[in-house]
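Data file: entry25.cif. Format and content: mmCIF, C-alpha atoms.
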```cif
data_query
loop_
_atom_site.label_atom_id
_atom_site.label_comp_id
_atom_site.auth_asym_id
_atom_site.auth_seq_id
_atom_site.Cartn_x
_atom_site.Cartn_y
_atom_site.Cartn_z
CA MET O 1 199.31 77.70 46.92
CA LYS O 2 198.40 77.47 50.62
CA GLN O 3 201.15 74.88 51.21
CA ILE O 4 203.73 77.11 49.50
CA ILE O 5 202.79 80.19 51.53
CA SER O 6 202.70 78.21 54.77
CA PHE O 7 206.16 76.80 54.02
CA LEU O 8 207.60 80.25 53.28
CA LEU O 9 206.15 81.74 56.47
CA ARG O 10 207.63 78.96 58.57
CA ASN O 11 211.06 78.81 56.94
CA VAL O 12 212.03 82.19 55.47
CA PRO O 13 213.11 84.99 57.86
CA ARG O 14 210.49 87.73 58.07
CA LYS O 15 212.83 90.48 56.85
CA TYR O 16 213.40 88.65 53.55
CA LEU O 17 209.69 88.08 53.07
CA GLN O 18 209.16 91.80 53.60
CA LEU O 19 211.79 92.70 51.02
CA PHE O 20 211.00 90.26 48.23
CA SER O 21 207.61 88.54 48.56
CA HIS O 22 205.62 91.30 46.87
CA TRP O 23 207.58 90.87 43.65
CA GLY O 24 206.67 87.21 43.37
CA LEU O 25 203.06 87.91 44.25
CA LYS O 26 202.78 90.41 41.39
CA VAL O 27 203.12 87.42 39.07
CA VAL O 28 200.69 85.31 41.11
CA ALA O 29 198.13 88.14 40.94
CA LEU O 30 197.79 87.63 37.19
CA PHE O 31 196.22 84.23 37.85
CA TYR O 32 193.73 85.60 40.38
CA LYS O 33 192.17 88.34 38.29
CA GLY O 34 188.41 88.65 38.63
CA LYS O 35 185.64 90.80 40.08
CA ASP O 36 184.46 88.87 43.16
CA VAL O 37 186.61 90.53 45.84
CA GLU O 38 188.23 93.95 46.11
CA CYS O 39 190.97 95.37 48.27
CA PRO O 40 189.84 98.79 49.58
CA ILE O 41 193.48 99.79 50.13
CA CYS O 42 194.90 99.33 46.62
CA GLU O 43 191.48 98.97 44.89
CA ALA O 44 192.61 95.86 42.98
CA GLU O 45 189.97 93.25 42.15
CA PHE O 46 190.33 89.47 42.10
CA ARG O 47 188.23 86.33 41.89
CA LYS O 48 189.52 85.63 45.41
CA PHE O 49 192.42 86.58 47.66
CA LEU O 50 195.33 84.25 48.38
CA PRO O 51 195.41 81.91 51.35
CA TYR O 52 197.68 83.03 54.19
CA GLY O 53 199.09 81.90 57.52
CA ARG O 54 201.07 79.07 59.04
CA ASN O 55 197.69 77.38 59.42
CA SER O 56 196.34 78.69 56.17
CA ARG O 57 193.27 80.93 56.06
CA PRO O 58 191.48 81.05 52.70
CA ASN O 59 190.76 84.33 50.90
CA ALA O 60 193.10 86.39 53.10
CA LEU O 61 196.08 88.00 51.32
CA CYS O 62 195.79 90.64 48.62
CA PRO O 63 198.44 89.71 46.00
CA SER O 64 198.67 93.33 44.86
CA CYS O 65 199.46 95.23 48.09
CA LEU O 66 199.83 92.35 50.60
CA SER O 67 196.98 93.49 52.81
CA LEU O 68 195.33 90.96 55.12
CA GLU O 69 191.81 90.95 56.52
CA ARG O 70 192.73 93.13 59.51
CA HIS O 71 194.53 95.70 57.35
CA ARG O 72 191.51 96.14 55.10
CA LEU O 73 189.28 96.60 58.13
CA ILE O 74 191.62 99.21 59.65
CA TRP O 75 191.71 101.10 56.34
CA LEU O 76 187.92 101.34 56.27
CA TYR O 77 187.91 102.36 59.93
CA LEU O 78 190.39 105.17 59.25
CA LYS O 79 188.31 106.44 56.33
CA ARG O 80 184.94 106.26 58.02
CA LYS O 81 185.54 106.90 61.71
CA THR O 82 188.60 109.17 61.95
CA ASP O 83 190.03 112.37 60.49
CA PHE O 84 193.21 110.55 59.44
CA PHE O 85 192.90 111.44 55.76
CA THR O 86 191.78 115.03 56.25
CA GLN O 87 193.90 116.60 59.01
CA PRO O 88 197.63 117.37 59.35
CA LEU O 89 198.97 114.76 61.79
CA LYS O 90 202.27 113.32 62.98
CA MET O 91 202.36 109.52 63.03
CA LEU O 92 204.66 106.77 64.28
CA HIS O 93 204.13 103.42 62.56
CA ILE O 94 205.83 100.59 64.47
CA ALA O 95 206.70 97.47 62.45
CA PRO O 96 205.17 99.09 59.35
CA GLU O 97 203.04 96.99 57.03
CA LEU O 98 203.90 97.23 53.34
CA CYS O 99 200.27 97.60 52.29
CA PHE O 100 200.00 100.88 54.24
CA MET O 101 203.42 102.44 53.80
CA PRO O 102 203.31 103.90 50.26
CA ARG O 103 199.76 105.15 50.75
CA PHE O 104 200.56 106.86 54.05
CA GLU O 105 203.72 108.34 52.52
CA ASP O 106 201.59 109.83 49.73
CA ILE O 107 199.49 111.84 52.20
CA LYS O 108 201.16 115.24 51.84
CA PHE O 109 200.07 116.65 55.20
CA LEU O 110 200.93 113.49 57.19
CA ASP O 111 204.29 113.62 58.98
CA TYR O 112 204.94 109.89 58.75
CA ILE O 113 207.72 108.04 60.59
CA THR O 114 208.28 104.28 60.56
CA GLY O 115 210.27 102.42 63.22
CA ASP O 116 211.19 98.87 64.14
CA ILE O 117 214.00 96.88 65.73
CA GLU O 118 214.64 94.68 62.68
CA SER O 119 212.32 95.49 59.77
CA PRO O 120 214.28 96.56 56.66
CA LEU O 121 211.27 98.67 55.68
CA ALA O 122 211.43 100.98 58.71
CA LYS O 123 213.24 104.33 58.59
CA VAL O 124 214.19 104.36 62.29
CA LYS O 125 215.82 101.41 64.07
CA MET O 126 214.25 101.33 67.53
CA ASP O 127 213.37 99.15 70.48
CA ILE O 128 209.72 99.53 71.42
CA HIS O 129 210.69 99.25 75.10
CA LYS O 130 212.61 102.53 74.72
CA ILE O 131 211.17 104.58 71.86
CA PRO O 132 213.75 107.21 70.79
CA PHE O 133 211.38 110.19 70.63
CA ASP O 134 210.45 112.89 73.11
CA ASP O 135 207.30 112.91 75.20
CA ASN O 136 204.15 114.18 73.46
CA THR O 137 205.55 113.87 69.91
CA PHE O 138 202.89 112.01 67.92
CA ASP O 139 199.19 112.42 67.19
CA ILE O 140 198.89 108.76 66.15
CA VAL O 141 200.78 105.53 66.77
CA PHE O 142 200.14 102.27 64.90
CA CYS O 143 201.42 99.09 66.52
CA ASN O 144 199.72 96.03 65.08
CA HIS O 145 200.63 92.41 65.80
CA VAL O 146 203.81 93.42 67.62
CA LEU O 147 203.04 93.20 71.34
CA GLU O 148 202.79 89.41 71.30
CA HIS O 149 206.50 89.32 70.32
CA VAL O 150 208.03 91.68 72.90
CA ASP O 151 209.46 90.94 76.34
CA ASN O 152 207.36 93.47 78.26
CA ASP O 153 204.15 94.51 76.55
CA ILE O 154 203.03 96.80 79.40
CA LEU O 155 206.31 98.74 79.20
CA ALA O 156 205.96 98.94 75.41
CA MET O 157 202.44 100.35 75.69
CA THR O 158 203.63 102.78 78.39
CA GLU O 159 206.25 104.03 75.93
CA ILE O 160 203.58 104.44 73.26
CA ARG O 161 201.53 106.49 75.72
CA ARG O 162 204.58 108.62 76.56
CA VAL O 163 205.27 109.64 72.95
CA LEU O 164 201.61 110.34 72.18
CA LYS O 165 200.40 113.91 72.47
CA PRO O 166 197.57 114.58 74.93
CA GLY O 167 194.43 113.60 73.02
CA GLY O 168 196.48 111.47 70.64
CA TRP O 169 195.47 107.93 69.83
CA ALA O 170 196.92 104.58 68.90
CA ILE O 171 195.64 101.43 67.25
CA LEU O 172 197.07 98.41 69.06
CA GLN O 173 195.95 95.15 67.50
CA VAL O 174 197.11 91.71 68.65
CA PRO O 175 196.22 88.18 67.53
CA PHE O 176 193.64 86.19 69.45
CA PHE O 177 193.23 82.45 69.43
CA PHE O 178 189.78 81.12 70.23
CA PRO O 179 188.37 80.05 72.58
CA LEU O 180 189.88 82.97 74.49
CA LYS O 181 191.40 82.39 77.90
CA ASP O 182 190.24 84.68 80.70
CA GLN O 183 193.81 85.82 81.42
CA THR O 184 196.74 86.49 79.13
CA PHE O 185 199.31 83.71 79.49
CA GLU O 186 203.06 84.15 79.29
CA ASP O 187 205.90 81.91 80.40
CA PHE O 188 209.43 83.01 79.52
CA SER O 189 210.87 79.64 80.43
CA ILE O 190 209.36 78.38 77.15
CA THR O 191 212.05 79.03 74.56
CA SER O 192 211.71 76.18 72.07
CA PRO O 193 210.10 77.44 68.83
CA LYS O 194 208.09 74.23 68.57
CA GLU O 195 206.79 74.54 72.10
CA ARG O 196 206.06 78.26 71.66
CA GLU O 197 203.96 77.51 68.61
CA LYS O 198 202.04 74.91 70.59
CA VAL O 199 201.48 77.16 73.62
CA PHE O 200 201.29 80.66 72.10
CA GLY O 201 200.02 79.94 68.59
CA GLN O 202 203.22 80.91 66.75
CA ASP O 203 206.88 80.09 67.24
CA ASP O 204 207.97 83.72 67.68
CA HIS O 205 205.20 84.70 70.12
CA VAL O 206 205.91 85.02 73.85
CA ARG O 207 202.34 85.36 75.15
CA MET O 208 198.79 84.31 74.38
CA TYR O 209 196.36 87.18 74.88
CA GLY O 210 193.10 86.62 76.69
CA LYS O 211 189.94 88.49 77.58
CA ASP O 212 192.00 90.83 79.78
CA TYR O 213 193.81 92.50 76.86
CA ALA O 214 191.96 95.80 77.28
CA ASP O 215 192.85 95.77 81.00
CA ARG O 216 196.53 95.36 80.10
CA ILE O 217 196.25 98.45 77.88
CA ARG O 218 194.71 100.36 80.79
CA LYS O 219 197.63 99.34 83.03
CA ALA O 220 199.83 101.32 80.64
CA GLY O 221 197.72 104.42 81.32
CA LEU O 222 195.79 104.49 78.07
CA LYS O 223 192.04 104.84 77.69
CA VAL O 224 190.82 102.06 75.40
CA THR O 225 187.73 101.79 73.23
CA GLU O 226 186.90 98.30 72.00
CA ASP O 227 185.28 99.23 68.69
CA GLU O 228 183.25 96.52 66.96
CA PHE O 229 183.26 98.56 63.78
CA VAL O 230 183.01 95.50 61.54
CA HIS O 231 179.55 94.75 62.96
CA THR O 232 178.28 98.07 61.56
CA LEU O 233 179.14 97.05 57.99
CA HIS O 234 176.81 95.37 55.51
CA ARG O 235 177.32 91.69 54.84
CA GLN O 236 178.03 92.51 51.21
CA GLU O 237 180.98 94.70 52.24
CA ILE O 238 182.36 92.08 54.60
CA HIS O 239 182.30 89.56 51.77
CA ARG O 240 183.47 91.97 49.07
CA TYR O 241 186.51 93.12 51.07
CA ALA O 242 187.08 89.76 52.82
CA LEU O 243 187.05 91.29 56.29
CA PRO O 244 187.53 89.53 59.64
CA GLU O 245 184.03 89.09 61.05
CA ASN O 246 184.97 89.27 64.75
CA GLU O 247 187.94 91.64 64.80
CA VAL O 248 187.67 94.31 67.50
CA ILE O 249 189.62 97.50 66.85
CA TYR O 250 191.47 98.68 69.96
CA ARG O 251 191.63 102.45 69.78
CA CYS O 252 193.72 103.73 72.67
CA GLU O 253 193.82 107.39 73.72
CA LYS O 254 196.09 109.48 75.91
#
```
Encoded form using structure tokens:
Amino acid sequence: MKQIISFLLRNVPRKYLQLFSHWGLKVVALFYKGKDVECPICEAEFRKFLPYGRNSRPNALCPSCLSLERHRLIWLYLKRKTDFFTQPLKMLHIAPELCFMPRFEDIKFLDYITGDIESPLAKVKMDIHKIPFDDNTFDIVFCNHVLEHVDNDILAMTEIRRVLKPGGWAILQVPFFFPLKDQTFEDFSITSPKEREKVFGQDDHVRMYGKDYADRIRKAGLKVTEDEFVHTLHRQEIHRYALPENEVIYRCEK
């Protein structure tokens, strides 16, 4: 299974994976039924999750809703440390993840807008460097595993700050590859997919984030809290939900 998923991730355009992969995984899910792990987002139980990634991680992908480790952690964070599920809010979800979309759309008092430059799932076609909404529009912005793909991440984060209301907040997650470099590295002369994968960790990434990621967020004018929420959870929960043990949640406020 891990070889199949790795092959698909490397060779099938992302937009087609977004449109069709969940249908195939519904069938795969039948072979993974069990009680050992649980997805807190869709509440499905399995003997284990599917492997996932170009360099496959075991026990990562929920075959029911397609959540990954980071998505499950964010869901728990929203439920336990925010008023996301209890207050009327206006939200922009950039490059929306399928595991979240139907559940966010079901929240009756959430004014939920999705946007992306190419995702077939998004309602609004938009360039993150020039977000097509007025200043001070949103209470919340989600932008997860996007900034490593864009030409100018500081400009993108500045745009996110612009469309946030005063007091609004964003979750801005990016991938990290350990051991972390002190400084984020980017070199736009590297255009070969093979070389980008070697240097940046993935063939469609344009930078490798380092220990200075929070400082880059601050350059965009946002106040950032590096929340080690996962370290407050019991070991049983981390295992049960298959959570990332060292994922820091970057909550960014205007």
**OP:** Determine the residue set returned by the PyMOL selection byres ((chain O and resi 84-95) around 10) for the present structure, and present it as number ranges by chain.
**Re:** O: 77-83, 96-98, 100-101, 104, 107-124, 126-128, 131, 133, 137-146, 160, 163-165, 168-171
**OP:** Given the file shown, determine the residues that the PyMOL selection byres ((chain O and resi 154-156) around 8) selects; report them as a list in words.
**Re:**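 Evaluating the PyMOL selection byres ((chain O and resi 154-156) around 8) on these coordinates yields Ile128, His129, Lys130, Leu147, Val150, Asn152, Asp153, Met157, Thr158, Glu159, Ile160, Arg216, Ile217, Lys219 and Ala220 of chain O.
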With C-alpha atoms retained, export the selected residues as a PDB file, in the coordinates of the input.
```
ATOM      1  CA  ILE O 128     209.720  99.530  71.420  1.00  0.00           C
ATOM      2  CA  HIS O 129     210.690  99.250  75.100  1.00  0.00           C
ATOM      3  CA  LYS O 130     212.610 102.530  74.720  1.00  0.00           C
ATOM      4  CA  LEU O 147     203.040  93.200  71.340  1.00  0.00           C
ATOM      5  CA  VAL O 150     208.030  91.680  72.900  1.00  0.00           C
ATOM      6  CA  ASN O 152     207.360  93.470  78.260  1.00  0.00           C
ATOM      7  CA  ASP O 153     204.150  94.510  76.550  1.00  0.00           C
ATOM      8  CA  MET O 157     202.440 100.350  75.690  1.00  0.00           C
ATOM      9  CA  THR O 158     203.630 102.780  78.390  1.00  0.00           C
ATOM     10  CA  GLU O 159     206.250 104.030  75.930  1.00  0.00           C
ATOM     11  CA  ILE O 160     203.580 104.440  73.260  1.00  0.00           C
ATOM     12  CA  ARG O 216     196.530  95.360  80.100  1.00  0.00           C
ATOM     13  CA  ILE O 217     196.250  98.450  77.880  1.00  0.00           C
ATOM     14  CA  LYS O 219     197.630  99.340  83.030  1.00  0.00           C
ATOM     15  CA  ALA O 220     199.830 101.320  80.640  1.00  0.00           C
TER      16      ALA O 220
END
```
Original post:
Residues at most 8 Å from segment 35-44 of chain O, counting all atoms listed in the file, excluding those fewer than 5 positions away in the same chain, as a PyMOL selection string?
Top reply: chain O and resi 49+62+64-65+67+72+75-76+99-100+239-242
Subject >> Distance criterion (all atoms listed in the file): nearest to Leu243 of chain O out of O:Gly34, O:Gly53, O:Pro179, O:Pro58 >> reply: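 Checking each of O:Gly34, O:Gly53, O:Pro179, O:Pro58 against Leu243 of chain O, counting all atoms listed in the file, the winner is O:Pro58.
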**OP:** Would you write out, as a ChimeraX atom specification, every residue that the PyMOL selection byres ((chain O and resi 205) around 9) captures in this file?
**Re:** /O:147-150,193,196-197,200-204,206-208
Give me a file of those residues, with C-alpha atoms, as a PDB file, in the coordinates of the input.
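Output below, filename result-v7.pdb:
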```
ATOM      1  CA  LEU O 147     203.040  93.200  71.340  1.00  0.00           C
ATOM      2  CA  GLU O 148     202.790  89.410  71.300  1.00  0.00           C
ATOM      3  CA  HIS O 149     206.500  89.320  70.320  1.00  0.00           C
ATOM      4  CA  VAL O 150     208.030  91.680  72.900  1.00  0.00           C
ATOM      5  CA  PRO O 193     210.100  77.440  68.830  1.00  0.00           C
ATOM      6  CA  ARG O 196     206.060  78.260  71.660  1.00  0.00           C
ATOM      7  CA  GLU O 197     203.960  77.510  68.610  1.00  0.00           C
ATOM      8  CA  PHE O 200     201.290  80.660  72.100  1.00  0.00           C
ATOM      9  CA  GLY O 201     200.020  79.940  68.590  1.00  0.00           C
ATOM     10  CA  GLN O 202     203.220  80.910  66.750  1.00  0.00           C
ATOM     11  CA  ASP O 203     206.880  80.090  67.240  1.00  0.00           C
ATOM     12  CA  ASP O 204     207.970  83.720  67.680  1.00  0.00           C
ATOM     13  CA  VAL O 206     205.910  85.020  73.850  1.00  0.00           C
ATOM     14  CA  ARG O 207     202.340  85.360  75.150  1.00  0.00           C
ATOM     15  CA  MET O 208     198.790  84.310  74.380  1.00  0.00           C
TER      16      MET O 208
END
```
Subject >> Distance criterion (all atoms listed in the file): nearest to Val230 of chain O out of O:Val28, O:Thr184, O:Arg70, O:Asn55 >> reply: O:Arg70
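Counting all atoms listed in the file, the residue from O:Lys198, O:Arg218, O:Lys26, O:Asp151 that sits nearest to Lys254 of chain O is O:Arg218.
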Subject >> Between atom CA of His234 of chain O and atom CA of Asn59 of chain O - distance in Å to one decimal >> reply: 18.4 Å
Fewer than 6 positions away in the same chain doesn't count, so skip those; otherwise give me all residues within 8 Å of Ala214 of chain O, counting all atoms listed in the file, as a compact mmCIF listing (two decimals) with C-alpha atoms, keeping the file's coordinate frame.
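Contents of the output file result-v7.txt:
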```
# COMPACT_ATOMS: atom_id res chain seq x y z
CA VAL O 224 190.82 102.06 75.40
CA GLU O 226 186.90 98.30 72.00
CA TYR O 250 191.47 98.68 69.96
```
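For the pair atom CA of Arg162 of chain O and atom CA of Asn136 of chain O, the interatomic distance is 6.4 Å.
The gap separating atom CA of Pro244 of chain O from atom CA of Lys181 of chain O is 20.0 Å, in Å to one decimal.
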Could you add the missing atoms to segment 67-78 of chain O, up to all heavy atoms, and return them as a compact mmCIF listing (two decimals), in the coordinates of the input?
```txt
# COMPACT_ATOMS: atom_id res chain seq x y z
N SER O 67 197.85 93.28 51.66
CA SER O 67 196.98 93.49 52.81
C SER O 67 196.35 92.17 53.25
O SER O 67 196.10 91.28 52.44
CB SER O 67 195.87 94.49 52.47
OG SER O 67 194.90 93.92 51.60
N LEU O 68 196.09 92.07 54.54
CA LEU O 68 195.33 90.96 55.12
C LEU O 68 193.98 91.48 55.58
O LEU O 68 193.70 92.69 55.52
CB LEU O 68 196.11 90.34 56.28
CG LEU O 68 197.41 89.64 55.91
CD1 LEU O 68 198.21 89.30 57.16
CD2 LEU O 68 197.13 88.39 55.10
N GLU O 69 193.17 90.59 56.10
CA GLU O 69 191.81 90.95 56.52
C GLU O 69 191.82 92.14 57.48
O GLU O 69 191.04 93.08 57.35
CB GLU O 69 191.12 89.75 57.19
CG GLU O 69 191.10 88.48 56.36
CD GLU O 69 192.21 87.51 56.73
OE1 GLU O 69 193.35 87.98 57.02
OE2 GLU O 69 191.94 86.29 56.76
N ARG O 70 192.70 92.08 58.49
CA ARG O 70 192.73 93.13 59.51
C ARG O 70 193.16 94.47 58.93
O ARG O 70 192.69 95.53 59.38
CB ARG O 70 193.64 92.73 60.67
CG ARG O 70 195.11 92.58 60.32
CD ARG O 70 195.94 92.18 61.54
NE ARG O 70 197.35 92.07 61.25
CZ ARG O 70 197.96 90.96 60.87
NH1 ARG O 70 197.25 89.85 60.71
NH2 ARG O 70 199.27 90.94 60.64
N HIS O 71 194.08 94.45 57.96
CA HIS O 71 194.53 95.70 57.35
C HIS O 71 193.39 96.37 56.58
O HIS O 71 193.22 97.60 56.64
CB HIS O 71 195.69 95.43 56.39
CG HIS O 71 196.86 94.78 57.03
ND1 HIS O 71 197.48 93.67 56.47
CD2 HIS O 71 197.52 95.04 58.18
CE1 HIS O 71 198.49 93.31 57.24
NE2 HIS O 71 198.53 94.12 58.29
N ARG O 72 192.62 95.58 55.86
CA ARG O 72 191.51 96.14 55.10
C ARG O 72 190.46 96.73 56.02
O ARG O 72 189.85 97.77 55.72
CB ARG O 72 190.93 95.07 54.17
CG ARG O 72 191.95 94.59 53.13
CD ARG O 72 191.35 93.70 52.07
NE ARG O 72 191.01 92.36 52.54
CZ ARG O 72 191.84 91.33 52.52
NH1 ARG O 72 193.09 91.46 52.09
NH2 ARG O 72 191.43 90.13 52.92
N LEU O 73 190.24 96.08 57.16
CA LEU O 73 189.28 96.60 58.13
C LEU O 73 189.78 97.92 58.72
O LEU O 73 189.01 98.89 58.85
CB LEU O 73 189.05 95.58 59.25
CG LEU O 73 188.06 96.00 60.33
CD1 LEU O 73 186.65 96.11 59.75
CD2 LEU O 73 188.08 95.03 61.51
N ILE O 74 191.05 97.98 59.08
CA ILE O 74 191.62 99.21 59.65
C ILE O 74 191.53 100.36 58.64
O ILE O 74 191.22 101.50 59.00
CB ILE O 74 193.07 98.98 60.10
CG1 ILE O 74 193.10 98.08 61.35
CG2 ILE O 74 193.78 100.30 60.39
CD1 ILE O 74 194.48 97.63 61.75
N TRP O 75 191.80 100.07 57.37
CA TRP O 75 191.71 101.10 56.34
C TRP O 75 190.31 101.71 56.29
O TRP O 75 190.15 102.94 56.25
CB TRP O 75 192.09 100.50 55.00
CG TRP O 75 192.09 101.47 53.85
CD1 TRP O 75 191.06 101.73 53.00
CD2 TRP O 75 193.17 102.30 53.43
NE1 TRP O 75 191.43 102.66 52.06
CE2 TRP O 75 192.73 103.03 52.31
CE3 TRP O 75 194.48 102.49 53.88
CZ2 TRP O 75 193.55 103.94 51.64
CZ3 TRP O 75 195.29 103.40 53.22
CH2 TRP O 75 194.83 104.10 52.12
N LEU O 76 189.31 100.86 56.29
CA LEU O 76 187.92 101.34 56.27
C LEU O 76 187.60 102.12 57.54
O LEU O 76 186.91 103.14 57.50
CB LEU O 76 186.96 100.17 56.11
CG LEU O 76 187.01 99.43 54.77
CD1 LEU O 76 186.10 98.21 54.80
CD2 LEU O 76 186.61 100.35 53.62
N TYR O 77 188.12 101.65 58.66
CA TYR O 77 187.91 102.36 59.93
C TYR O 77 188.53 103.76 59.87
O TYR O 77 187.89 104.74 60.27
CB TYR O 77 188.54 101.55 61.07
CG TYR O 77 188.47 102.22 62.42
CD1 TYR O 77 187.33 102.11 63.22
CD2 TYR O 77 189.55 102.96 62.90
CE1 TYR O 77 187.28 102.73 64.46
CE2 TYR O 77 189.50 103.57 64.14
CZ TYR O 77 188.36 103.45 64.91
OH TYR O 77 188.30 104.08 66.14
N LEU O 78 189.73 103.86 59.37
CA LEU O 78 190.39 105.17 59.25
C LEU O 78 189.58 106.12 58.37
O LEU O 78 189.44 107.31 58.68
CB LEU O 78 191.79 105.01 58.68
CG LEU O 78 192.84 104.32 59.56
CD1 LEU O 78 194.13 104.13 58.78
CD2 LEU O 78 193.10 105.11 60.83
```
